[in-house]
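*Asks:* Structure file upload23.csv (CSV, C-alpha atoms and all ligand atoms) right here:
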chain,number,residue,atom,x,y,z
A,898,MET,CA,48.8,-114.5,106.6
A,899,THR,CA,47.7,-117.1,109.1
A,900,THR,CA,48.7,-120.7,109.1
A,901,VAL,CA,46.3,-123.1,110.9
A,902,VAL,CA,48.2,-126.1,112.2
A,903,ASP,CA,47.1,-129.5,111.1
A,904,GLY,CA,47.7,-131.5,114.2
A,905,ARG,CA,46.4,-134.8,112.8
A,906,ALA,CA,48.8,-134.7,109.8
A,907,LEU,CA,51.8,-133.8,112.0
A,908,ALA,CA,50.9,-136.6,114.4
A,909,ASN,CA,50.7,-139.1,111.5
A,910,ASP,CA,54.1,-137.9,110.3
A,911,LEU,CA,55.7,-138.4,113.7
A,912,LEU,CA,54.1,-141.8,114.2
A,913,ASN,CA,55.5,-143.0,110.8
A,914,ALA,CA,58.9,-143.1,112.4
A,915,LEU,CA,57.8,-145.7,115.0
A,916,PRO,CA,57.1,-149.0,113.1
A,917,PRO,CA,60.8,-149.7,112.3
A,918,ARG,CA,61.7,-149.1,116.0
A,919,ILE,CA,58.8,-151.4,117.1
A,920,GLN,CA,59.8,-154.1,114.7
A,921,SER,CA,63.4,-154.0,115.9
A,922,LEU,CA,62.2,-154.5,119.5
A,923,GLN,CA,59.9,-157.3,118.3
A,924,ALA,CA,62.9,-159.0,116.6
A,925,GLN,CA,64.5,-159.0,120.1
A,926,GLY,CA,61.4,-160.7,121.5
A,927,VAL,CA,60.0,-157.5,123.1
A,928,VAL,CA,56.6,-156.0,122.6
A,929,PRO,CA,56.3,-152.4,124.0
A,930,ALA,CA,53.7,-152.5,126.8
A,931,LEU,CA,51.8,-149.5,128.1
A,932,ARG,CA,49.4,-149.7,131.0
A,933,ILE,CA,46.9,-146.9,131.6
A,934,ILE,CA,45.2,-146.7,135.0
A,935,GLN,CA,41.8,-145.0,135.0
A,936,VAL,CA,40.1,-144.2,138.3
A,937,GLY,CA,36.4,-143.7,137.9
A,938,ASP,CA,34.6,-143.3,134.6
A,939,ASP,CA,34.7,-139.6,133.6
A,940,PRO,CA,33.4,-139.6,130.0
A,941,ALA,CA,36.1,-137.1,128.8
A,942,SER,CA,38.9,-139.3,130.2
A,943,THR,CA,37.3,-142.3,128.7
A,944,LEU,CA,37.4,-140.6,125.3
A,945,TYR,CA,41.0,-139.5,125.6
A,946,ILE,CA,42.0,-143.0,126.7
A,947,ARG,CA,40.1,-144.6,123.8
A,948,ASN,CA,42.1,-142.4,121.4
A,949,LYS,CA,45.4,-143.5,123.1
A,950,GLU,CA,44.3,-147.2,123.0
A,951,ARG,CA,43.3,-147.0,119.3
A,952,ARG,CA,46.6,-145.5,118.3
A,953,ALA,CA,48.6,-148.0,120.4
A,954,ALA,CA,46.8,-151.0,119.0
A,955,LYS,CA,47.3,-149.8,115.4
A,956,LEU,CA,51.1,-149.5,116.0
A,957,GLY,CA,51.4,-153.0,117.6
A,958,ILE,CA,52.0,-151.6,121.1
A,959,ASP,CA,50.5,-153.8,123.8
A,960,VAL,CA,48.1,-151.5,125.6
A,961,ALA,CA,45.7,-152.2,128.5
A,962,VAL,CA,43.5,-150.0,130.5
A,963,ILE,CA,43.2,-150.9,134.2
A,964,GLN,CA,39.9,-149.6,135.5
A,965,LEU,CA,39.6,-148.8,139.2
A,966,PRO,CA,36.4,-147.7,140.9
A,967,ALA,CA,36.2,-144.0,141.8
A,968,THR,CA,36.1,-145.1,145.5
A,969,VAL,CA,39.5,-146.9,145.3
A,970,SER,CA,41.7,-146.2,148.3
A,971,GLN,CA,45.1,-144.5,148.0
A,972,ALA,CA,46.7,-147.8,149.3
A,973,GLU,CA,45.0,-149.9,146.7
A,974,LEU,CA,46.0,-147.6,143.9
A,975,LEU,CA,49.6,-147.5,145.2
A,976,ALA,CA,49.6,-151.3,145.3
A,977,LYS,CA,48.5,-151.5,141.7
A,978,ILE,CA,51.3,-149.1,140.7
A,979,ALA,CA,53.8,-151.1,142.6
A,980,ALA,CA,52.7,-154.3,140.9
A,981,LEU,CA,53.2,-152.7,137.4
A,982,ASN,CA,56.6,-151.3,138.5
A,983,ALA,CA,57.7,-154.8,139.4
A,984,ASP,CA,56.4,-156.5,136.2
A,985,PRO,CA,59.2,-156.8,133.7
A,986,ALA,CA,56.7,-157.2,130.8
A,987,VAL,CA,55.4,-153.6,131.4
A,988,HIS,CA,57.5,-150.8,130.1
A,989,ALA,CA,55.3,-147.7,130.5
A,990,ILE,CA,52.7,-146.7,133.0
A,991,LEU,CA,50.4,-143.7,133.2
A,992,VAL,CA,47.7,-142.7,135.6
A,993,GLN,CA,45.0,-140.7,133.8
A,994,MET,CA,44.4,-137.3,135.4
A,995,PRO,CA,42.4,-135.8,137.1
A,996,LEU,CA,42.0,-138.2,140.1
A,997,PRO,CA,39.0,-138.1,142.5
A,998,GLY,CA,39.6,-135.6,145.3
A,999,HIS,CA,40.3,-138.1,148.1
A,1000,LEU,CA,43.4,-139.3,146.3
A,1001,ASP,CA,46.8,-137.5,146.7
A,1002,ASP,CA,47.9,-136.8,143.1
A,1003,ALA,CA,51.5,-136.0,144.0
A,1004,ALA,CA,51.9,-139.2,146.0
A,1005,VAL,CA,50.4,-141.3,143.2
A,1006,VAL,CA,52.6,-139.8,140.6
A,1007,ALA,CA,55.7,-140.2,142.8
A,1008,ALA,CA,54.9,-143.9,143.1
A,1009,ILE,CA,55.6,-144.6,139.4
A,1010,ASP,CA,59.0,-146.0,138.6
A,1011,PRO,CA,60.8,-143.1,136.8
A,1012,ALA,CA,62.1,-145.6,134.2
A,1013,LYS,CA,58.4,-146.5,133.3
A,1014,ASP,CA,57.0,-142.9,133.6
A,1015,ALA,CA,55.1,-142.6,130.3
A,1016,ASP,CA,53.9,-139.1,131.1
A,1017,GLY,CA,57.2,-137.8,132.6
A,1018,PHE,CA,55.3,-136.5,135.6
A,1019,THR,CA,57.4,-138.1,138.4
A,1020,PRO,CA,59.4,-135.7,140.5
A,1021,THR,CA,62.6,-137.4,139.2
A,1022,ASN,CA,61.7,-136.7,135.6
A,1023,ALA,CA,60.3,-133.3,136.2
A,1024,GLY,CA,63.6,-132.4,138.0
A,1025,ARG,CA,65.6,-133.7,135.0
A,1026,LEU,CA,63.5,-131.6,132.6
A,1027,TRP,CA,64.0,-128.4,134.8
A,1028,SER,CA,67.7,-129.2,135.0
A,1029,GLY,CA,67.9,-129.5,131.2
A,1030,ASP,CA,68.8,-133.2,131.3
A,1031,PRO,CA,67.3,-135.9,129.1
A,1032,GLY,CA,64.4,-138.1,130.3
A,1033,PRO,CA,60.8,-138.9,129.6
A,1034,VAL,CA,58.8,-135.7,129.1
A,1035,PRO,CA,55.1,-134.9,129.3
A,1036,ALA,CA,53.3,-135.6,126.1
A,1037,THR,CA,51.3,-132.4,125.6
A,1038,PRO,CA,54.2,-130.0,125.9
A,1039,ALA,CA,56.4,-132.3,123.8
A,1040,GLY,CA,53.7,-132.3,121.1
A,1041,ILE,CA,53.6,-128.5,121.2
A,1042,MET,CA,57.4,-128.4,120.8
A,1043,ALA,CA,57.0,-130.6,117.7
A,1044,ILE,CA,54.4,-128.2,116.3
A,1045,LEU,CA,56.7,-125.2,116.9
A,1046,GLN,CA,59.6,-127.0,115.2
A,1047,ARG,CA,57.5,-128.2,112.3
A,1048,TYR,CA,56.0,-124.7,111.6
A,1049,LYS,CA,59.5,-123.2,112.0
A,1050,VAL,CA,58.6,-120.9,114.9
A,1051,PRO,CA,61.9,-119.3,116.1
A,1052,LEU,CA,62.4,-119.9,119.8
A,1053,ARG,CA,65.8,-118.5,120.6
A,1054,GLY,CA,65.3,-115.2,122.3
A,1055,ALA,CA,61.5,-115.2,121.6
A,1056,ARG,CA,59.1,-114.0,124.3
A,1057,ALA,CA,56.9,-116.9,125.2
A,1058,VAL,CA,54.0,-116.6,127.6
A,1059,MET,CA,52.5,-119.8,129.1
A,1060,VAL,CA,49.1,-119.2,130.6
A,1061,GLY,CA,48.5,-122.0,133.2
A,1062,ARG,CA,50.8,-123.7,135.7
A,1063,SER,CA,49.6,-127.3,135.9
A,1064,ARG,CA,51.9,-130.3,136.4
A,1065,ILE,CA,50.8,-131.8,133.1
A,1066,VAL,CA,51.1,-128.7,130.8
A,1067,GLY,CA,52.1,-125.3,132.1
A,1068,ARG,CA,55.2,-126.2,134.2
A,1069,PRO,CA,56.8,-128.7,131.8
A,1070,MET,CA,56.0,-126.4,128.9
A,1071,ALA,CA,57.8,-123.5,130.6
A,1072,ALA,CA,60.9,-125.7,131.1
A,1073,MET,CA,61.0,-126.9,127.5
A,1074,LEU,CA,60.7,-123.4,126.2
A,1075,LEU,CA,63.5,-122.3,128.5
A,1076,ASN,CA,65.6,-125.2,127.4
A,1077,ALA,CA,65.1,-124.0,123.8
A,1078,ASP,CA,66.4,-120.5,124.8
A,1079,ALA,CA,63.0,-118.6,124.8
A,1080,THR,CA,62.4,-115.9,127.4
A,1081,VAL,CA,59.6,-117.5,129.4
A,1082,THR,CA,56.8,-116.0,131.5
A,1083,VAL,CA,54.3,-118.2,133.3
A,1084,ALA,CA,51.0,-116.5,133.9
A,1085,HIS,CA,48.1,-117.9,135.9
A,1086,SER,CA,44.8,-117.2,137.6
A,1087,GLN,CA,46.4,-114.8,140.1
A,1088,THR,CA,48.3,-112.8,137.4
A,1089,LYS,CA,47.5,-109.1,137.5
A,1090,ASP,CA,46.5,-107.5,134.1
A,1091,LEU,CA,46.9,-110.7,132.2
A,1092,ALA,CA,46.2,-109.0,128.8
A,1093,SER,CA,49.2,-106.7,129.3
A,1094,VAL,CA,51.4,-109.8,129.8
A,1095,THR,CA,50.0,-111.8,126.9
A,1096,ARG,CA,50.2,-108.8,124.5
A,1097,THR,CA,54.0,-108.8,124.9
A,1098,ALA,CA,54.3,-112.4,123.6
A,1099,ASP,CA,55.6,-113.7,120.4
A,1100,ILE,CA,54.2,-117.1,121.4
A,1101,VAL,CA,51.2,-117.5,123.7
A,1102,ILE,CA,50.3,-121.0,124.9
A,1103,ILE,CA,47.1,-121.3,126.9
A,1104,ALA,CA,45.9,-124.2,129.1
A,1105,VAL,CA,43.3,-122.9,131.5
A,1106,GLY,CA,40.2,-125.0,130.6
A,1107,ILE,CA,37.9,-121.9,130.0
A,1108,PRO,CA,36.2,-121.7,126.6
A,1109,HIS,CA,37.3,-118.8,124.5
A,1110,PHE,CA,39.2,-117.2,127.4
A,1111,LEU,CA,41.9,-115.7,125.1
A,1112,THR,CA,40.5,-112.8,123.1
A,1113,ALA,CA,41.8,-110.7,120.3
A,1114,ALA,CA,42.7,-107.8,122.7
A,1115,MET,CA,45.1,-110.2,124.5
A,1116,VAL,CA,47.2,-111.0,121.4
A,1117,LYS,CA,49.9,-109.1,119.6
A,1118,PRO,CA,49.5,-109.0,115.8
A,1119,GLY,CA,51.7,-111.7,114.2
A,1120,ALA,CA,51.9,-113.8,117.4
A,1121,VAL,CA,51.9,-117.6,117.4
A,1122,VAL,CA,48.9,-119.0,119.5
A,1123,ILE,CA,48.8,-122.5,120.8
A,1124,ASP,CA,45.5,-123.7,122.3
A,1125,VAL,CA,45.7,-126.6,124.8
A,1126,GLY,CA,42.1,-126.3,126.0
A,1127,ILE,CA,39.6,-129.1,125.3
A,1128,ASP,CA,36.4,-127.5,126.6
A,1129,ARG,CA,32.9,-128.8,126.2
A,1130,LEU,CA,30.1,-126.3,125.4
A,1131,ALA,CA,26.6,-126.7,126.6
A,1132,ASP,CA,25.6,-128.1,123.2
A,1133,GLY,CA,28.2,-130.8,123.6
A,1134,LYS,CA,30.6,-129.4,121.0
A,1135,VAL,CA,34.3,-129.3,121.8
A,1136,THR,CA,36.1,-126.0,121.7
A,1137,GLY,CA,39.3,-124.5,123.0
A,1138,ASP,CA,40.6,-121.8,125.4
A,1139,VAL,CA,41.0,-119.4,122.4
A,1140,ASP,CA,38.3,-117.3,120.8
A,1141,PHE,CA,39.5,-118.8,117.5
A,1142,ALA,CA,37.3,-116.8,115.1
A,1143,ALA,CA,38.4,-113.4,116.5
A,1144,VAL,CA,42.1,-114.3,117.3
A,1145,ALA,CA,43.1,-116.4,114.2
A,1146,PRO,CA,43.2,-113.4,111.8
A,1147,LEU,CA,45.7,-111.7,114.0
A,1148,THR,CA,48.1,-114.6,114.3
A,1149,SER,CA,50.9,-116.0,112.1
A,1150,VAL,CA,50.4,-119.6,113.3
A,1151,ILE,CA,47.5,-120.9,115.4
A,1152,THR,CA,46.3,-124.3,116.5
A,1153,PRO,CA,42.6,-125.3,116.2
A,1154,VAL,CA,40.6,-127.4,118.6
A,1155,PRO,CA,40.0,-130.3,117.9
A,1156,ARG,CA,42.8,-131.5,115.6
A,1157,GLY,CA,45.4,-129.2,116.9
A,1158,VAL,CA,47.5,-130.1,120.0
A,1159,GLY,CA,45.3,-133.2,121.0
A,1160,PRO,CA,46.5,-135.6,118.3
A,1161,LEU,CA,50.1,-134.7,119.2
A,1162,THR,CA,49.5,-135.6,122.8
A,1163,VAL,CA,48.5,-139.1,121.7
A,1164,ALA,CA,51.5,-139.4,119.3
A,1165,GLU,CA,54.1,-138.2,121.8
A,1166,LEU,CA,52.8,-140.8,124.3
A,1167,MET,CA,53.4,-143.5,121.8
A,1168,ILE,CA,56.9,-142.2,121.1
A,1169,GLN,CA,57.6,-142.1,124.8
A,1170,THR,CA,56.4,-145.7,125.3
A,1171,VAL,CA,58.7,-146.9,122.6
A,1172,ALA,CA,61.6,-144.9,124.0
A,1173,LEU,CA,61.1,-146.2,127.5
A,1174,THR,CA,60.9,-149.8,126.1
A,1175,GLU,CA,64.2,-149.3,124.2
A,1176,SER,CA,66.0,-148.0,127.2
A,1177,GLN,CA,64.7,-150.9,129.4
A,1178,VAL,CA,65.9,-153.4,126.7
A,1179,ARG,CA,69.3,-151.7,126.7
A,1180,HIS,CA,69.6,-151.9,130.4
A,1181,GLU,CA,68.5,-155.5,130.8
A,1182,PRO,CA,71.0,-157.7,132.5
A,1183,SER,CA,72.2,-160.3,129.9
A,1201,LIG,N1,48.1,-138.8,133.0
A,1201,LIG,C1,47.5,-138.1,132.0
A,1201,LIG,N2,48.2,-138.0,130.8
A,1201,LIG,C2,47.6,-137.4,129.8
A,1201,LIG,O1,48.2,-137.2,128.7
A,1201,LIG,C3,46.3,-136.8,130.0
A,1201,LIG,C4,45.7,-136.9,131.2
A,1201,LIG,N3,46.3,-137.6,132.2
A,1201,LIG,N4,44.5,-136.3,131.4
A,1201,LIG,C5,43.8,-135.6,130.4
A,1201,LIG,C6,44.7,-135.0,129.4
A,1201,LIG,C7,44.1,-134.7,128.0
A,1201,LIG,N5,44.6,-135.6,127.1
A,1201,LIG,C8,44.2,-135.7,125.8
A,1201,LIG,C9,44.4,-136.9,125.0
A,1201,LIG,C10,43.9,-137.0,123.7
A,1201,LIG,C11,43.2,-135.9,123.1
A,1201,LIG,C12,42.7,-136.0,121.8
A,1201,LIG,O2,42.7,-137.1,121.2
A,1201,LIG,N6,42.1,-134.9,121.2
A,1201,LIG,C13,41.5,-134.9,119.9
A,1201,LIG,C14,40.0,-135.2,120.0
A,1201,LIG,C15,39.3,-134.2,121.0
A,1201,LIG,C16,37.8,-134.4,121.1
A,1201,LIG,O3,37.1,-134.6,120.1
A,1201,LIG,O4,37.3,-134.3,122.3
A,1201,LIG,C17,41.7,-133.6,119.2
A,1201,LIG,O5,42.0,-132.6,120.0
A,1201,LIG,O6,41.6,-133.5,118.0
A,1201,LIG,C18,43.0,-134.8,123.9
A,1201,LIG,C19,43.5,-134.7,125.2
A,1201,LIG,C20,45.6,-136.4,127.7
A,1201,LIG,N7,45.7,-136.0,129.0
As C-alpha cells, what does this structure read like?
Ligand SMILES: Nc1nc(=O)c2c([nH]1)NC[C@@H]1CN(c3ccc(C(=O)N[C@@H](CCC(=O)O)C(=O)O)cc3)C=[N+]21
*Replies:*
Amino acid sequence: MTTVVDGRALANDLLNALPPRIQSLQAQGVVPALRIIQVGDDPASTLYIRNKERRAAKLGIDVAVIQLPATVSQAELLAKIAALNADPAVHAILVQMPLPGHLDDAAVVAAIDPAKDADGFTPTNAGRLWSGDPGPVPATPAGIMAILQRYKVPLRGARAVMVGRSRIVGRPMAAMLLNADATVTVAHSQTKDLASVTRTADIVIIAVGIPHFLTAAMVKPGAVVIDVGIDRLADGKVTGDVDFAAVAPLTSVITPVPRGVGPLTVAELMIQTVALTESQVRHEPS
C-alpha cells in the first residue's frame, strides 16, 4: 500500500502553531520581519517568492521583497545585506537562489548575520548543523524531516540515500538524517552506477532538477521516496525528479509534485522567521 503525502495539509498543520507565538511577540511590541532579496526577475523565483509573501502576510509577518537588477554588483548586494544586518527592525533575511553567474554565492551567503539567517545557509549555521548543534536550518530539508516524522518513517539505522549535494538541499539534508541516526549516503552527478546505490535505500531523497530522473528500476520495493524537484516541462506543467506514475506503486510513502515538499519549504521558512525573532527579542539588551 502506498501513501501519497499531502504536503499542503501538513504545512497548514505546522503553520497553525504559529499565531499564538506571533501574538505573544506582538504583545511585546515586536512584529516578525522577513526581508527577501531577489536579484533579477527569473519567473520561477518570482513564483516561489510570491508563495512565501502570501503565507507571511496571512500570518501577520512583516514581509518585503527587495528587488535588485540582474546586473547588480557584488559590492552593492553586500552593502544591502549589511544594511539589513544592522537594522534592528529586521529579524530574518534571505537571498533567493540561484544568483546570476557574476555574483559569488558563497560570499553573499556568508555576509548574512547568522542570527538573521532565515535559510540557515551561512557557514556558521551550516557548521552548527553538521556539528549536531541547534541553529536555524534550511527550510526544504527541515520540511522533509517534518514529512518523515508525520508519516512515521523510522530513521534510526535506516539506509537513506540523498541524490544531490547542493548547499540548499543535499548537504543539509544529509546532516539532518545523520543527526537522526540514519545511515546516510550522498550520491551525485559523478556517482558510478547510481541505480545500484539507490536500490539499497529505505529512503531516497532526490534533488537534481531533471524531470522523471528516478525510475522504477532505481527503487527498492517498499522504499520511501521524497521528490524535491520542481521541474517545468515543455508544456509549462510542473513535475518532479521522480517518474511518479511508475515509481509510486513500488513505494510505501511518496511525495507528489506539486503539493509535496514545496508547501513545507514555505511553512518552515515562516517557522524559522518566528524563531529568529523570538531569539532576538530574548537577547535584546533591556
Ligand atoms: N534562498 C533560497 N531559499 C529558498 O528556500 C529557495 C531558494 N533560495 N531558491 C529556490 C528554492 C525553491 N523554493 C520553493 C519555494 C516554494 C515552493 C512552492 O510553493 N511549491 C508549490 C508550488 C509549485 C509550483 O506550482 O510551481 C508546490 O510544490 O506545491 C517551491 C519551491 C524555495 N527555494
*Asks:* Which residues form the shell of 6 Å around ligand LIG 1201 (chain A) when you count all atoms listed in the file, given as a list in words?
*Replies:*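 Listing the residues within 6 Å of ligand LIG 1201 (chain A) gives Tyr945, Asn948, Leu991, Val992, Gln993, Met994, Asp1016, Ala1036, Val1135, Val1154, Pro1155, Arg1156, Gly1157, Gly1159, Pro1160, Thr1162 and Val1163 of chain A.
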*Asks:* Dig up all the protein and nucleic acid residues within 7 Å of (42.2, -148.8, 124.7) in the file frame, using all atoms listed in the file, and format them as JSON, numbers by chain.
*Replies:* {"A": [946, 947, 949, 950, 951, 960, 961, 962]}
*Asks:* Would you pick out the contacts of Pro1146 of chain A at 12 Å or less, using all atoms listed in the file, so that residues sharing its chain but fewer than 3 positions from it are not included, and give the list as a list of chain:residue names?
*Replies:* A:Met898, A:Thr899, A:Thr900, A:Val901, A:Thr1112, A:Ala1113, A:Val1116, A:Lys1117, A:Pro1118, A:Gly1119, A:Ala1120, A:Val1121, A:Val1122, A:Asp1140, A:Phe1141, A:Ala1142, A:Ala1143, A:Ser1149, A:Val1150, A:Ile1151
*Asks:* For a quick check of understanding, using all atoms listed in the file, which of A:Asn1076, A:Thr1088, A:Gln1046, A:Thr1148 has the smallest distance to Gly1061 of chain A?
*Replies:* A:Thr1088
*Asks:* Per residue of segment 1027-1088 of chain A within 10 Å of segment 904-917 of chain A, note the shortest atom pair and the distance in Å to one decimal, counting all atoms listed in the file, and order the rows by chain and increasing residue number, as a Markdown table.
*Replies:*
| residue | atom | partner | partner_atom | distance |
| --- | --- | --- | --- | --- |
| A:Gly1040 | CA | A:Ala908 | CA | 8.4 |
| A:Ile1041 | CA | A:Gly904 | CA | 9.6 |
| A:Ala1043 | CA | A:Leu907 | CA | 8.4 |
| A:Ile1044 | CA | A:Leu907 | CA | 7.5 |
| A:Arg1047 | CA | A:Leu907 | CA | 8.0 |
*Asks:* Let me make sure I understand: among A:Arg1025, A:His1109, A:Arg952, A:Arg932, which one has the smallest atom-to-atom distance to Gly1137 of chain A if we use all atoms listed in the file?
*Replies:*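 So, comparing all the options, the nearest one is A:His1109.
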*Asks:* Which residue is closest to Glu1181 of chain A? Choose from A:Pro995, A:Pro929, A:Pro985, A:Pro1033 and count all atoms listed in the file.
*Replies:*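 Among the listed residues, the smallest separation from Glu1181 of chain A belongs to A:Pro985.
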*Asks:* For Ala1145 of chain A, which of A:Ile1107, A:Leu1075, A:Val902, A:Ala989 is the closest residue, counting all atoms listed in the file?
*Replies:*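 So, comparing all the options, the nearest one is A:Val902.
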*Asks:* Of the candidates A:Ala1008, A:Val927, A:Leu996, A:Ile990, which shows the shortest atom-to-atom distance to Ala976 of chain A, using all atoms listed in the file?
*Replies:*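 Of all the options, A:Ala1008 lies closest to Ala976 of chain A.
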*Asks:* Using only C-alpha atoms for the distances, tell me which of A:Asp938, A:Asp903, A:Asp984, A:Asp1002 is nearest to Arg1064 of chain A.
*Replies:*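 The answer is A:Asp1002, which sits nearest to Arg1064 of chain A.
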*Asks:* Show me, as a ChimeraX atom specification, the residues that have an atom within 12 Å of Leu1026 of chain A when counting all atoms listed in the file, minus same-chain residues fewer than 2 positions from it.
*Replies:* /A:1017-1024,1028-1035,1038-1039,1068-1077
*Asks:* What gap, in Å, lies between atom CA of Ala980 of chain A and atom CA of Ala1172 of chain A?
*Replies:*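 One can read the atom CA of Ala980 of chain A to atom CA of Ala1172 of chain A distance as 21.3 Å.
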*Asks:* Got a sec: who's within 12 Å of Ile919 of chain A, counting all atoms listed in the file, leaving out chain neighbours fewer than 3 positions off, as number ranges by chain?
*Replies:* A: 912-916, 922-930, 953, 955-959, 1167-1168, 1170-1175
*Asks:* Grab the atom CA of Leu1166 of chain A to atom CA of Ser1086 of chain A distance for me, in Å with one decimal place.
*Replies:*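 For atom CA of Leu1166 of chain A relative to atom CA of Ser1086 of chain A, the distance reads 28.2 Å.
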*Asks:* Can you measure atom CA of Val1178 of chain A to atom CA of Ile978 of chain A for me? One decimal in Å is fine.
*Replies:*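 Atom CA of Val1178 of chain A sits 20.7 Å away from atom CA of Ile978 of chain A.
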*Asks:* Considering all atoms listed in the file, return as a PyMOL selection string whatever protein or nucleic-acid residues lie within 10 Å of His999 of chain A, sequence-local ones (same chain, fewer than 3 positions apart) excluded.
*Replies:* chain A and resi 967-971+996+1002
*Asks:* Could you write out that same residue set with C-alpha atoms as a PDB file, in the frame of the given file?
*Replies:*
ATOM      1  CA  ALA A 967      36.200-144.000 141.800  1.00  0.00           C
ATOM      2  CA  THR A 968      36.100-145.100 145.500  1.00  0.00           C
ATOM      3  CA  VAL A 969      39.500-146.900 145.300  1.00  0.00           C
ATOM      4  CA  SER A 970      41.700-146.200 148.300  1.00  0.00           C
ATOM      5  CA  GLN A 971      45.100-144.500 148.000  1.00  0.00           C
ATOM      6  CA  LEU A 996      42.000-138.200 140.100  1.00  0.00           C
ATOM      7  CA  ASP A1002      47.900-136.800 143.100  1.00  0.00           C
TER       8      ASP A1002
END
